[in-house]
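> Compact mmCIF, C-alpha atoms and all ligand atoms, saved as my_file_22.txt, coming up:
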# COMPACT_ATOMS: atom_id res chain seq x y z
CA MET R 1 -128.76 -171.94 37.45
CA LYS R 2 -126.47 -171.52 34.48
CA VAL R 3 -126.55 -174.35 31.93
CA LYS R 4 -123.87 -174.81 29.29
CA LEU R 5 -125.06 -176.55 26.12
CA TYR R 6 -123.40 -177.64 22.86
CA HIS R 7 -124.28 -177.66 19.16
CA PRO R 8 -124.22 -174.74 19.12
CA THR R 9 -122.20 -173.90 22.22
CA ARG R 10 -124.30 -171.58 24.39
CA GLU R 11 -125.38 -170.80 27.95
CA ILE R 12 -128.92 -170.52 29.23
CA ILE R 13 -130.31 -169.57 32.64
CA LEU R 14 -132.97 -171.77 34.22
CA LYS R 15 -134.72 -171.56 37.55
CA GLY R 16 -133.45 -174.06 40.14
CA PRO R 17 -133.31 -176.18 42.16
CA LYS R 18 -133.85 -178.91 39.61
CA GLN R 19 -133.15 -182.61 39.45
CA VAL R 20 -130.75 -183.76 36.67
CA ALA R 21 -133.34 -186.17 35.19
CA VAL R 22 -135.94 -183.38 35.10
CA LEU R 23 -133.47 -180.94 33.55
CA LEU R 24 -132.69 -183.35 30.70
CA ARG R 25 -136.36 -184.17 30.15
CA GLU R 26 -137.35 -180.47 30.04
CA LEU R 27 -134.64 -179.74 27.50
CA ASN R 28 -135.68 -182.83 25.53
CA LEU R 29 -132.15 -184.30 25.68
CA PRO R 30 -131.97 -188.11 25.78
CA LYS R 31 -130.13 -189.52 28.84
CA GLU R 32 -128.28 -192.08 26.75
CA ALA R 33 -126.70 -189.33 24.62
CA HIS R 34 -125.71 -186.87 27.38
CA LEU R 35 -123.72 -186.53 30.58
CA VAL R 36 -124.19 -183.84 33.18
CA ILE R 37 -121.22 -182.17 34.82
CA CYS R 38 -121.90 -180.10 37.94
CA GLY R 39 -118.99 -177.87 38.99
CA ASP R 40 -116.38 -180.19 37.54
CA GLU R 41 -117.85 -183.47 38.72
CA LEU R 42 -119.89 -185.98 36.79
CA VAL R 43 -123.31 -186.43 38.45
CA THR R 44 -126.10 -189.01 38.32
CA GLU R 45 -129.68 -188.29 37.33
CA ASP R 46 -131.10 -188.25 40.88
CA LEU R 47 -128.97 -185.27 41.97
CA VAL R 48 -130.83 -182.02 42.65
CA ILE R 49 -128.88 -179.06 41.30
CA PRO R 50 -129.13 -175.92 43.46
CA ASP R 51 -130.14 -172.63 41.83
CA ASP R 52 -126.70 -171.02 42.24
CA GLN R 53 -124.85 -173.85 40.46
CA THR R 54 -123.34 -173.98 36.94
CA VAL R 55 -123.89 -177.19 35.01
CA GLU R 56 -122.64 -178.46 31.69
CA ILE R 57 -124.66 -180.87 29.57
CA ARG R 58 -122.10 -182.71 27.47
CA PRO R 59 -123.27 -184.61 24.39
CA VAL R 60 -121.51 -187.97 24.13
CA ILE R 61 -122.00 -188.68 20.44
CA SER R 62 -119.30 -187.96 17.93
CA GLY R 63 -119.97 -188.40 14.27
CA GLY R 64 -118.38 -190.15 11.38
CA GLU R 65 -116.29 -193.25 11.18
CA MET T 1 -127.22 -192.66 44.33
CA LYS T 2 -124.65 -195.05 45.80
CA CYS T 3 -122.01 -197.20 44.11
CA ARG T 4 -123.26 -200.76 43.78
CA GLN T 5 -119.77 -202.10 44.58
CA CYS T 6 -118.51 -199.98 47.47
CA GLN T 7 -121.34 -197.66 48.60
CA LYS T 8 -119.43 -194.46 47.85
CA SER T 9 -121.30 -191.75 45.99
CA ALA T 10 -121.96 -192.84 42.38
CA VAL T 11 -120.92 -190.78 39.34
CA ILE T 12 -122.68 -192.83 36.66
CA LYS T 13 -125.79 -194.93 36.35
CA MET T 14 -125.70 -197.60 33.65
CA GLU T 15 -129.19 -198.83 32.87
CA ARG T 16 -127.96 -201.62 30.61
CA HIS T 17 -126.09 -203.22 33.51
CA ASN T 18 -128.72 -202.13 36.02
CA THR T 19 -125.97 -200.60 38.18
CA SER T 20 -124.40 -197.36 39.37
CA LEU T 21 -120.70 -196.94 40.09
CA CYS T 22 -118.35 -194.48 41.78
CA GLY T 23 -115.34 -193.08 39.89
CA GLY T 24 -112.89 -195.71 41.15
CA CYS T 25 -115.15 -198.70 40.49
CA PHE T 26 -116.15 -197.27 37.09
CA ASN T 27 -112.49 -197.04 36.03
CA LEU T 28 -112.02 -200.68 37.00
CA TYR T 29 -115.12 -201.59 34.97
CA VAL T 30 -113.78 -199.79 31.87
CA HIS T 31 -110.33 -201.36 32.16
CA ASP T 32 -111.93 -204.76 32.63
CA GLN T 33 -114.14 -204.40 29.53
CA VAL T 34 -111.15 -203.39 27.38
CA ASP T 35 -109.02 -206.19 28.81
CA ARG T 36 -111.82 -208.65 28.08
CA ALA T 37 -112.21 -207.39 24.50
CA ILE T 38 -108.45 -207.73 23.86
CA THR T 39 -108.17 -211.21 25.38
CA GLU T 40 -111.39 -212.79 24.09
CA GLN T 41 -110.86 -211.54 20.54
CA LYS T 42 -107.09 -212.25 20.63
CA MET T 43 -106.33 -208.67 19.48
CA PHE T 44 -102.69 -208.44 20.61
CA ASP T 45 -100.40 -209.28 23.49
CA HIS T 46 -97.92 -207.42 25.68
CA GLY T 47 -95.02 -208.31 23.38
CA GLU T 48 -96.45 -206.39 20.41
CA GLN T 49 -96.07 -202.69 19.58
CA ILE T 50 -99.47 -201.14 18.99
CA LEU T 51 -100.06 -198.12 16.79
CA VAL T 52 -103.08 -196.27 18.23
CA ALA T 53 -104.97 -194.02 15.79
CA ILE T 54 -105.60 -190.79 17.70
CA SER T 55 -108.07 -188.19 16.41
CA GLY T 56 -108.25 -185.99 19.50
CA GLY T 57 -111.80 -187.12 20.29
CA LYS T 58 -112.83 -188.90 23.49
CA ASP T 59 -112.72 -192.44 22.11
CA SER T 60 -109.18 -192.52 20.77
CA LEU T 61 -107.69 -190.63 23.73
CA ALA T 62 -109.55 -192.83 26.24
CA LEU T 63 -108.34 -195.90 24.35
CA TRP T 64 -104.72 -194.73 24.52
CA ASP T 65 -105.09 -193.93 28.23
CA VAL T 66 -106.49 -197.39 29.01
CA LEU T 67 -103.88 -199.25 26.92
CA ILE T 68 -101.08 -197.42 28.77
CA LYS T 69 -102.67 -198.23 32.13
CA LEU T 70 -103.02 -201.89 31.13
CA GLY T 71 -99.27 -201.89 30.42
CA TYR T 72 -99.24 -202.20 26.62
CA ARG T 73 -96.45 -200.82 24.40
CA THR T 74 -97.97 -198.12 22.21
CA ALA T 75 -97.29 -195.16 19.98
CA GLY T 76 -99.94 -192.72 18.74
CA LEU T 77 -100.64 -191.82 15.12
CA HIS T 78 -102.42 -188.56 14.42
CA LEU T 79 -103.55 -187.70 10.90
CA ASP T 80 -103.81 -183.93 10.65
CA LEU T 81 -106.68 -183.71 8.15
CA GLY T 82 -106.14 -180.01 7.47
CA ILE T 83 -109.71 -178.93 8.33
CA GLU T 84 -108.79 -175.45 9.53
CA ALA T 85 -109.70 -174.66 13.15
CA TYR T 86 -111.08 -178.14 13.85
CA SER T 87 -107.83 -179.87 12.91
CA GLU T 88 -105.72 -177.30 14.74
CA VAL T 89 -107.65 -177.83 17.98
CA SER T 90 -107.61 -181.64 17.54
CA ARG T 91 -103.87 -181.74 16.93
CA LYS T 92 -103.16 -179.53 19.94
CA LYS T 93 -105.21 -181.83 22.20
CA VAL T 94 -103.38 -184.91 20.89
CA GLU T 95 -99.93 -183.33 21.25
CA THR T 96 -100.70 -182.09 24.78
CA PHE T 97 -101.98 -185.53 25.82
CA ALA T 98 -98.89 -187.31 24.45
CA ALA T 99 -96.42 -184.77 25.87
CA SER T 100 -97.98 -184.78 29.35
CA ARG T 101 -97.58 -188.57 29.54
CA GLY T 102 -94.27 -188.84 27.70
CA LEU T 103 -95.78 -190.94 24.88
CA ASP T 104 -94.45 -191.43 21.34
CA LEU T 105 -96.58 -189.67 18.74
CA ILE T 106 -96.39 -189.72 14.95
CA VAL T 107 -98.15 -186.80 13.23
CA HIS T 108 -98.93 -186.99 9.52
CA PRO T 109 -100.20 -183.61 8.21
CA TYR T 110 -102.13 -183.90 4.91
CA LYS T 111 -101.52 -180.27 3.95
CA GLU T 112 -97.75 -180.70 4.16
CA ALA T 113 -97.82 -184.07 2.40
CA TYR T 114 -100.31 -183.29 -0.39
CA GLY T 115 -100.71 -179.51 -0.34
CA LEU T 116 -104.42 -179.96 0.39
CA GLY T 117 -106.65 -180.82 3.34
CA VAL T 118 -109.20 -183.64 3.20
CA ILE T 119 -112.11 -181.29 2.34
CA GLU T 120 -110.29 -179.91 -0.71
CA ILE T 121 -109.26 -183.43 -1.77
CA ALA T 122 -112.90 -184.59 -1.52
CA GLU T 123 -114.10 -181.55 -3.48
CA GLU T 124 -111.52 -181.94 -6.25
CA THR T 125 -112.39 -185.60 -6.71
CA ALA T 126 -116.17 -185.11 -6.35
CA ARG T 127 -116.30 -187.78 -3.66
CA PRO T 128 -118.54 -187.45 -0.57
CA ALA T 129 -116.36 -185.98 2.19
CA CYS T 130 -116.72 -188.89 4.66
CA SER T 131 -115.98 -191.44 1.97
CA ALA T 132 -112.78 -189.73 0.79
CA CYS T 133 -111.75 -189.20 4.41
CA GLY T 134 -112.34 -192.90 5.21
CA THR T 135 -110.27 -194.07 2.22
CA MET T 136 -107.40 -191.79 3.24
CA LYS T 137 -107.53 -192.83 6.90
CA ARG T 138 -107.52 -196.56 6.21
CA TYR T 139 -104.63 -196.13 3.78
CA HIS T 140 -102.45 -194.11 6.15
CA PHE T 141 -103.14 -196.25 9.22
CA ASN T 142 -101.98 -199.29 7.29
CA ARG T 143 -99.08 -197.75 5.41
CA ILE T 144 -97.57 -195.98 8.40
CA ALA T 145 -97.95 -199.09 10.57
CA MET T 146 -96.27 -201.30 7.95
CA GLU T 147 -93.46 -198.81 7.26
CA ARG T 148 -92.67 -198.40 10.93
CA GLY T 149 -93.00 -202.03 11.92
CA PHE T 150 -96.21 -201.99 13.95
CA PRO T 151 -98.11 -205.29 13.55
CA VAL T 152 -101.35 -203.83 14.96
CA VAL T 153 -103.41 -200.66 14.51
CA ALA T 154 -105.97 -199.94 17.24
CA THR T 155 -108.86 -197.53 16.68
CA GLY T 156 -111.31 -196.05 19.20
CA HIS T 157 -114.54 -197.44 17.69
CA ASN T 158 -117.09 -198.01 20.46
CA LEU T 159 -120.25 -200.10 20.87
CA ASP T 160 -122.42 -197.29 19.45
CA ASP T 161 -120.18 -196.94 16.38
CA GLU T 162 -120.32 -200.67 15.71
CA ALA T 163 -124.05 -201.05 16.44
CA SER T 164 -124.95 -198.09 14.19
CA ARG T 165 -122.73 -199.41 11.41
CA LEU T 166 -124.37 -202.82 11.78
CA LEU T 167 -127.82 -201.21 11.59
CA GLY T 168 -126.81 -199.38 8.41
CA ASN T 169 -125.40 -202.54 6.85
CA VAL T 170 -128.52 -204.54 7.74
CA LEU T 171 -130.94 -201.86 6.50
CA GLN T 172 -129.20 -201.83 3.14
CA TRP T 173 -128.33 -205.55 3.15
CA GLN T 174 -124.68 -204.81 2.52
CA GLU T 175 -123.76 -208.45 2.84
CA GLU T 176 -120.10 -208.10 1.98
CA TYR T 177 -119.75 -205.44 4.70
CA LEU T 178 -121.72 -207.54 7.20
CA GLU T 179 -119.34 -210.38 6.61
CA LYS T 180 -116.34 -208.19 7.29
CA GLN T 181 -117.72 -206.27 10.28
CA SER T 182 -115.69 -207.45 13.24
CA PRO T 183 -113.65 -206.00 16.11
CA VAL T 184 -110.57 -207.71 14.63
CA LEU T 185 -109.49 -207.66 10.99
CA SER T 186 -106.77 -210.18 10.28
CA ASP T 187 -103.36 -209.18 8.91
CA GLU T 188 -103.84 -211.78 6.11
CA GLY T 189 -100.48 -213.35 6.79
CA GLY T 190 -98.60 -210.07 7.10
CA THR T 191 -100.13 -208.36 4.03
CA TRP T 192 -101.68 -205.69 6.24
CA ALA T 193 -101.37 -204.46 9.76
CA ARG T 194 -104.02 -206.14 11.97
CA LYS T 195 -106.91 -203.73 12.74
CA VAL T 196 -108.51 -203.94 16.18
CA LYS T 197 -111.24 -202.09 18.11
CA PRO T 198 -110.63 -202.65 21.83
CA LEU T 199 -113.51 -200.35 22.91
CA PHE T 200 -116.26 -202.31 21.16
CA ARG T 201 -117.79 -203.49 24.44
CA LEU T 202 -118.17 -199.94 25.83
CA ALA T 203 -121.04 -197.58 25.08
CA GLU T 204 -120.22 -194.12 23.78
CA ARG T 205 -121.66 -192.59 26.97
CA GLU T 206 -119.36 -194.74 29.12
CA ILE T 207 -116.28 -193.64 27.18
CA ALA T 208 -117.27 -189.98 27.46
CA ALA T 209 -117.73 -190.51 31.22
CA TYR T 210 -114.31 -192.20 31.45
CA SER T 211 -112.69 -189.25 29.65
CA ILE T 212 -114.36 -186.69 31.91
CA LEU T 213 -113.52 -188.63 35.10
CA ASN T 214 -109.90 -189.06 34.09
CA ARG T 215 -109.58 -185.40 33.07
CA ILE T 216 -108.79 -186.26 29.47
CA ASP T 217 -109.03 -183.04 27.47
CA TYR T 218 -110.68 -184.03 24.18
CA ILE T 219 -112.41 -182.20 21.32
CA VAL T 220 -116.16 -182.23 22.03
CA ASP T 221 -117.29 -180.87 18.67
CA GLU T 222 -118.20 -183.30 15.94
CA CYS T 223 -116.15 -183.33 12.80
CA PRO T 224 -117.61 -180.41 10.78
CA MET T 225 -117.83 -182.70 7.74
CA SER T 226 -119.94 -185.37 9.43
CA LYS T 227 -122.98 -183.08 9.90
CA GLY T 228 -126.04 -184.88 8.70
CA ALA T 229 -124.21 -188.15 8.25
CA LYS T 230 -126.41 -191.25 8.29
CA MET T 231 -124.36 -192.68 11.16
CA LEU T 232 -125.63 -189.93 13.47
CA LEU T 233 -129.23 -190.75 12.57
CA TYR T 234 -128.65 -194.45 13.27
CA LYS T 235 -127.02 -193.62 16.60
CA ASP T 236 -129.95 -191.43 17.55
CA ILE T 237 -132.43 -194.17 16.69
CA LEU T 238 -130.46 -196.78 18.62
CA ASN T 239 -130.27 -194.45 21.64
CA ARG T 240 -134.04 -194.06 21.62
CA LEU T 241 -134.42 -197.83 21.52
CA GLU T 242 -131.84 -198.08 24.30
CA GLU T 243 -133.81 -195.74 26.57
CA ALA T 244 -137.00 -197.71 26.02
CA SER T 245 -135.20 -201.02 26.43
CA PRO T 246 -131.74 -200.83 28.08
CA GLY T 247 -129.22 -203.29 26.67
CA THR T 248 -130.54 -203.11 23.09
CA LYS T 249 -127.27 -201.92 21.53
CA HIS T 250 -125.24 -204.52 23.41
CA LYS T 251 -127.58 -207.38 22.47
CA PHE T 252 -127.74 -206.20 18.86
CA TYR T 253 -123.99 -205.98 18.23
CA LEU T 254 -122.61 -208.65 20.57
CA GLY T 255 -125.40 -210.98 19.45
CA PHE T 256 -124.34 -210.40 15.85
CA LEU T 257 -120.72 -211.28 16.69
CA LYS T 258 -121.82 -214.60 18.23
CA ARG T 259 -123.77 -215.70 15.17
CA PRO T 260 -122.16 -217.86 12.54
CA ARG T 261 -121.32 -215.83 9.43
CA ALA T 262 -121.73 -218.73 7.00
CA ALA T 263 -125.26 -217.62 6.09
CA THR T 264 -123.97 -214.51 4.36
CA ALA T 265 -120.39 -215.53 3.60
CA THR T 266 -119.47 -215.37 -0.05
CA ALA T 267 -115.91 -216.53 0.70
CA LYS T 268 -114.20 -215.28 -2.41
CA PRO T 269 -110.51 -214.86 -1.63
CA VAL T 270 -109.13 -211.57 -2.90
CA ASP T 271 -106.03 -211.61 -5.05
CA LEU T 272 -103.75 -208.84 -3.82
CA HIS T 273 -100.67 -207.36 -5.43
CA PRO T 274 -98.59 -204.24 -4.84
CA CYS T 275 -100.12 -200.95 -6.05
CA GLN T 276 -98.23 -199.77 -9.17
CA SER T 277 -97.97 -196.31 -7.73
CA CYS T 278 -97.24 -196.76 -3.99
CA GLY T 279 -96.55 -200.45 -3.41
CA GLN T 280 -99.35 -201.02 -0.87
CA PRO T 281 -101.37 -204.24 -1.36
CA THR T 282 -104.49 -203.81 -3.51
CA PRO T 283 -106.84 -206.03 -5.54
CA GLY T 284 -106.58 -203.68 -8.56
CA ALA T 285 -103.59 -202.27 -10.42
CA VAL T 286 -103.68 -199.01 -8.46
CA CYS T 287 -104.95 -198.73 -4.86
CA GLY T 288 -107.99 -196.67 -3.83
CA PHE T 289 -105.87 -193.96 -2.26
CA CYS T 290 -103.65 -193.51 -5.31
CA ARG T 291 -106.71 -193.46 -7.57
CA LEU T 292 -108.16 -190.74 -5.35
CA MET T 293 -104.94 -188.72 -5.43
CA GLN T 294 -104.57 -189.10 -9.20
CA ARG T 295 -107.83 -187.19 -9.56
CA VAL T 296 -106.51 -184.28 -7.50
CA THR T 297 -105.30 -181.68 -9.98
CA PRO T 298 -101.66 -180.80 -9.25
ZN ZN J 301 -117.35 -197.88 44.13
ZN ZN J 302 -101.28 -196.90 -4.02
Represent the supplied structure as structure tokens.
Ligand SMILES: [Zn+2]
Ligand SMILES: [Zn+2]


Amino acid sequence: MKVKLYHPTREIILKGPKQVAVLLRELNLPKEAHLVICGDELVTEDLVIPDDQTVEIRPVISGGE
Amino acid sequence: MKCRQCQKSAVIKMERHNTSLCGGCFNLYVHDQVDRAITEQKMFDHGEQILVAISGGKDSLALWDVLIKLGYRTAGLHLDLGIEAYSEVSRKKVETFAASRGLDLIVHPYKEAYGLGVIEIAEETARPACSACGTMKRYHFNRIAMERGFPVVATGHNLDDEASRLLGNVLQWQEEYLEKQSPVLSDEGGTWARKVKPLFRLAEREIAAYSILNRIDYIVDECPMSKGAKMLLYKDILNRLEEASPGTKHKFYLGFLKRPRAATATAKPVDLHPCQSCGQPTPGAVCGFCRLMQRVTP
């Protein structure tokens, strides 16, 4: 599966299938600070992402005032 | 995972409310939280024209979207900070959002007004970038609102913004800031425009989810100047606490709002008069913005 990440913006390939919660844990990304978009739908942490899918892990924090 | 309300497939799990919701029920939840914030804190009513400060990020665009859907009369104000590519992308997102919904938008470009962007202004005056930027933002929100007859300025500050600011203020015992930290800042009898934060009950993650679900095209990148800012560290720490103990941010900030302020209140009324240079109310002879701009070499 293809995973799009930010800061810096990049794409990595991981072996699927993989559950969203596991994906975040393996990448050491806190759940409270990220959302996962599969295709173009927002998904919950229990979803298992198939190997042929593209996912985006969107950070939710913006800085400053 | 199923929606707790209607059993459709859920799009978000919210640990702090121990619930999961589908897109439709989540939108209702967000609208309800904003409505509750506006009503409980007496922020404004349907008769008032609200100037919404729009940066192009998720919070301000989501705020504008919700206010429109709740039937409020609004116009957007975008300060083009003149930070090269970042500001160009932000402004484009704001203009596209406003145009696609037929909304009134005021754009104030710093480079056209002052010949310099906010980074150059901060450098010339040897002020930390975020501090100079904050002074300029507060000044323009107020001045443009007053000049154009808007009694209220709404900003997109969320629960995480307010909780991290509270943490910073408590860690440094900034008592005068603690006293003033509130989702509503009074207009002091018409001296200022009233400042309100209708998203203060919603977590940053919930607002990002709302923006994604409602196909709001916002700028995901952080402001390039805020890298390494203390606020990001505080947010990170609060998010770690939140994961270990859901509801921490909510209890921390909303608990603070419920407490009496008398313990820290110094209650010294500020004597305001018009700034000698621009006419805006200020406790000194010249306001903070004009003092900043005086240090910018022409
Ligand atoms: Zn539902
Ligand atoms: Zn002035």

> Could you report the residues within 9 Å of ligand ZN 302 (chain J), using only C-alpha atoms and all ligand atoms, as a list in words?

Tyr139, Pro274, Cys275, Gln276, Ser277, Cys278, Gly279, Gln280, Pro281, Thr282, Ala285, Val286, Cys287, Gly288, Phe289, Cys290 and Arg291 of chain T

> Generate the output file for the selected residues, C-alpha atoms, as a compact mmCIF listing (two decimals), in the coordinates of the input.


# COMPACT_ATOMS: atom_id res chain seq x y z
CA TYR T 139 -104.63 -196.13 3.78
CA PRO T 274 -98.59 -204.24 -4.84
CA CYS T 275 -100.12 -200.95 -6.05
CA GLN T 276 -98.23 -199.77 -9.17
CA SER T 277 -97.97 -196.31 -7.73
CA CYS T 278 -97.24 -196.76 -3.99
CA GLY T 279 -96.55 -200.45 -3.41
CA GLN T 280 -99.35 -201.02 -0.87
CA PRO T 281 -101.37 -204.24 -1.36
CA THR T 282 -104.49 -203.81 -3.51
CA ALA T 285 -103.59 -202.27 -10.42
CA VAL T 286 -103.68 -199.01 -8.46
CA CYS T 287 -104.95 -198.73 -4.86
CA GLY T 288 -107.99 -196.67 -3.83
CA PHE T 289 -105.87 -193.96 -2.26
CA CYS T 290 -103.65 -193.51 -5.31
CA ARG T 291 -106.71 -193.46 -7.57

> Find the residues near ligand ZN 301 (chain J). Use a cut-off of 10 Å, count all atoms listed in the file, and write them as a PDB file with C-alpha atoms, in the frame of the given file.


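Now in selection.pdb:
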ATOM      1  CA  LYS T   2    -124.650-195.050  45.800  1.00  0.00           C
ATOM      2  CA  CYS T   3    -122.010-197.200  44.110  1.00  0.00           C
ATOM      3  CA  ARG T   4    -123.260-200.760  43.780  1.00  0.00           C
ATOM      4  CA  GLN T   5    -119.770-202.100  44.580  1.00  0.00           C
ATOM      5  CA  CYS T   6    -118.510-199.980  47.470  1.00  0.00           C
ATOM      6  CA  GLN T   7    -121.340-197.660  48.600  1.00  0.00           C
ATOM      7  CA  LYS T   8    -119.430-194.460  47.850  1.00  0.00           C
ATOM      8  CA  SER T   9    -121.300-191.750  45.990  1.00  0.00           C
ATOM      9  CA  ALA T  10    -121.960-192.840  42.380  1.00  0.00           C
ATOM     10  CA  VAL T  11    -120.920-190.780  39.340  1.00  0.00           C
ATOM     11  CA  SER T  20    -124.400-197.360  39.370  1.00  0.00           C
ATOM     12  CA  LEU T  21    -120.700-196.940  40.090  1.00  0.00           C
ATOM     13  CA  CYS T  22    -118.350-194.480  41.780  1.00  0.00           C
ATOM     14  CA  GLY T  23    -115.340-193.080  39.890  1.00  0.00           C
ATOM     15  CA  GLY T  24    -112.890-195.710  41.150  1.00  0.00           C
ATOM     16  CA  CYS T  25    -115.150-198.700  40.490  1.00  0.00           C
ATOM     17  CA  PHE T  26    -116.150-197.270  37.090  1.00  0.00           C
ATOM     18  CA  ASN T  27    -112.490-197.040  36.030  1.00  0.00           C
ATOM     19  CA  LEU T  28    -112.020-200.680  37.000  1.00  0.00           C
TER      20      LEU T  28
END

> Ranking R:Val3, R:Pro50, R:Pro59, R:Pro30 by minimum distance to R:Lys18 and counting all atoms listed in the file, which one comes first?

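When distances to R:Lys18 are compared using all atoms listed in the file, the smallest one comes from R:Pro50.
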
> Report as a PyMOL selection string the set of chain T residues whose atoms approach chain R to within 7 Å, with distances computed over all atoms listed in the file.

chain T and resi 1+10-13+204-205+208+222-223+226+229+231-232+239+243

> Take the selection from the previous step and output its residues with C-alpha atoms, as a PDB file, in the frame of the given file.


ATOM      1  CA  MET T   1    -127.220-192.660  44.330  1.00  0.00           C
ATOM      2  CA  ALA T  10    -121.960-192.840  42.380  1.00  0.00           C
ATOM      3  CA  VAL T  11    -120.920-190.780  39.340  1.00  0.00           C
ATOM      4  CA  ILE T  12    -122.680-192.830  36.660  1.00  0.00           C
ATOM      5  CA  LYS T  13    -125.790-194.930  36.350  1.00  0.00           C
ATOM      6  CA  GLU T 204    -120.220-194.120  23.780  1.00  0.00           C
ATOM      7  CA  ARG T 205    -121.660-192.590  26.970  1.00  0.00           C
ATOM      8  CA  ALA T 208    -117.270-189.980  27.460  1.00  0.00           C
ATOM      9  CA  GLU T 222    -118.200-183.300  15.940  1.00  0.00           C
ATOM     10  CA  CYS T 223    -116.150-183.330  12.800  1.00  0.00           C
ATOM     11  CA  SER T 226    -119.940-185.370   9.430  1.00  0.00           C
ATOM     12  CA  ALA T 229    -124.210-188.150   8.250  1.00  0.00           C
ATOM     13  CA  MET T 231    -124.360-192.680  11.160  1.00  0.00           C
ATOM     14  CA  LEU T 232    -125.630-189.930  13.470  1.00  0.00           C
ATOM     15  CA  ASN T 239    -130.270-194.450  21.640  1.00  0.00           C
ATOM     16  CA  GLU T 243    -133.810-195.740  26.570  1.00  0.00           C
TER      17      GLU T 243
END

> When you draw a straight line from atom CA of T:Leu241 to atom CA of T:Lys258, how long is it in Å?

21.2 Å

> What's the separation between atom CA of T:Leu199 and atom CA of T:Pro183, in Å to one decimal place?

8.8 Å

> Which distance in Å separates atom CA of T:Ile106 and atom CA of T:Trp192, to one decimal?

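A separation of 18.9 Å between them.
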
> Nearest to T:Asp32 among T:Leu67, T:Leu171, T:Ala113, T:Leu61, with distances taken over all atoms listed in the file: which residue is it?

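Between T:Leu67, T:Leu171, T:Ala113, T:Leu61, the residue approaching T:Asp32 most closely is T:Leu67.
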
> Can you rebuild stretch 10-21 of chain R with N, CA, C and O atoms and give it as an mmCIF file, in the frame of the given file?


data_model
loop_
_atom_site.group_PDB
_atom_site.id
_atom_site.type_symbol
_atom_site.label_atom_id
_atom_site.label_comp_id
_atom_site.auth_asym_id
_atom_site.auth_seq_id
_atom_site.Cartn_x
_atom_site.Cartn_y
_atom_site.Cartn_z
ATOM 1 N N ARG R 10 -123.574 -172.741 23.853
ATOM 2 C CA ARG R 10 -124.300 -171.580 24.390
ATOM 3 C C ARG R 10 -124.583 -171.793 25.872
ATOM 4 O O ARG R 10 -124.427 -172.907 26.383
ATOM 5 N N GLU R 11 -125.002 -170.712 26.539
ATOM 6 C CA GLU R 11 -125.380 -170.800 27.950
ATOM 7 C C GLU R 11 -126.790 -170.291 28.140
ATOM 8 O O GLU R 11 -127.164 -169.273 27.568
ATOM 9 N N ILE R 12 -127.576 -171.011 28.932
ATOM 10 C CA ILE R 12 -128.920 -170.520 29.230
ATOM 11 C C ILE R 12 -129.095 -170.465 30.749
ATOM 12 O O ILE R 12 -128.368 -171.134 31.488
ATOM 13 N N ILE R 13 -130.025 -169.661 31.204
ATOM 14 C CA ILE R 13 -130.310 -169.570 32.640
ATOM 15 C C ILE R 13 -131.672 -170.214 32.888
ATOM 16 O O ILE R 13 -132.651 -169.927 32.192
ATOM 17 N N LEU R 14 -131.701 -171.129 33.857
ATOM 18 C CA LEU R 14 -132.970 -171.770 34.220
ATOM 19 C C LEU R 14 -133.189 -171.578 35.716
ATOM 20 O O LEU R 14 -132.242 -171.333 36.468
ATOM 21 N N LYS R 15 -134.424 -171.719 36.125
ATOM 22 C CA LYS R 15 -134.720 -171.560 37.550
ATOM 23 C C LYS R 15 -134.499 -172.896 38.273
ATOM 24 O O LYS R 15 -134.989 -173.926 37.848
ATOM 25 N N GLY R 16 -133.702 -172.860 39.348
ATOM 26 C CA GLY R 16 -133.450 -174.060 40.140
ATOM 27 C C GLY R 16 -134.171 -173.972 41.460
ATOM 28 O O GLY R 16 -134.896 -173.000 41.674
ATOM 29 N N PRO R 17 -134.036 -174.936 42.378
ATOM 30 C CA PRO R 17 -133.310 -176.180 42.160
ATOM 31 C C PRO R 17 -134.041 -177.118 41.200
ATOM 32 O O PRO R 17 -135.246 -177.000 41.043
ATOM 33 N N LYS R 18 -133.265 -178.004 40.586
ATOM 34 C CA LYS R 18 -133.850 -178.910 39.610
ATOM 35 C C LYS R 18 -133.059 -180.225 39.578
ATOM 36 O O LYS R 18 -131.840 -180.222 39.625
ATOM 37 N N GLN R 19 -133.815 -181.310 39.518
ATOM 38 C CA GLN R 19 -133.150 -182.610 39.450
ATOM 39 C C GLN R 19 -132.581 -182.839 38.036
ATOM 40 O O GLN R 19 -133.195 -182.412 37.054
ATOM 41 N N VAL R 20 -131.421 -183.519 37.963
ATOM 42 C CA VAL R 20 -130.750 -183.760 36.670
ATOM 43 C C VAL R 20 -131.702 -184.419 35.662
ATOM 44 O O VAL R 20 -131.810 -183.969 34.510
ATOM 45 N N ALA R 21 -132.426 -185.454 36.101
ATOM 46 C CA ALA R 21 -133.340 -186.170 35.190
ATOM 47 C C ALA R 21 -134.405 -185.227 34.643
ATOM 48 O O ALA R 21 -134.748 -185.282 33.456
#
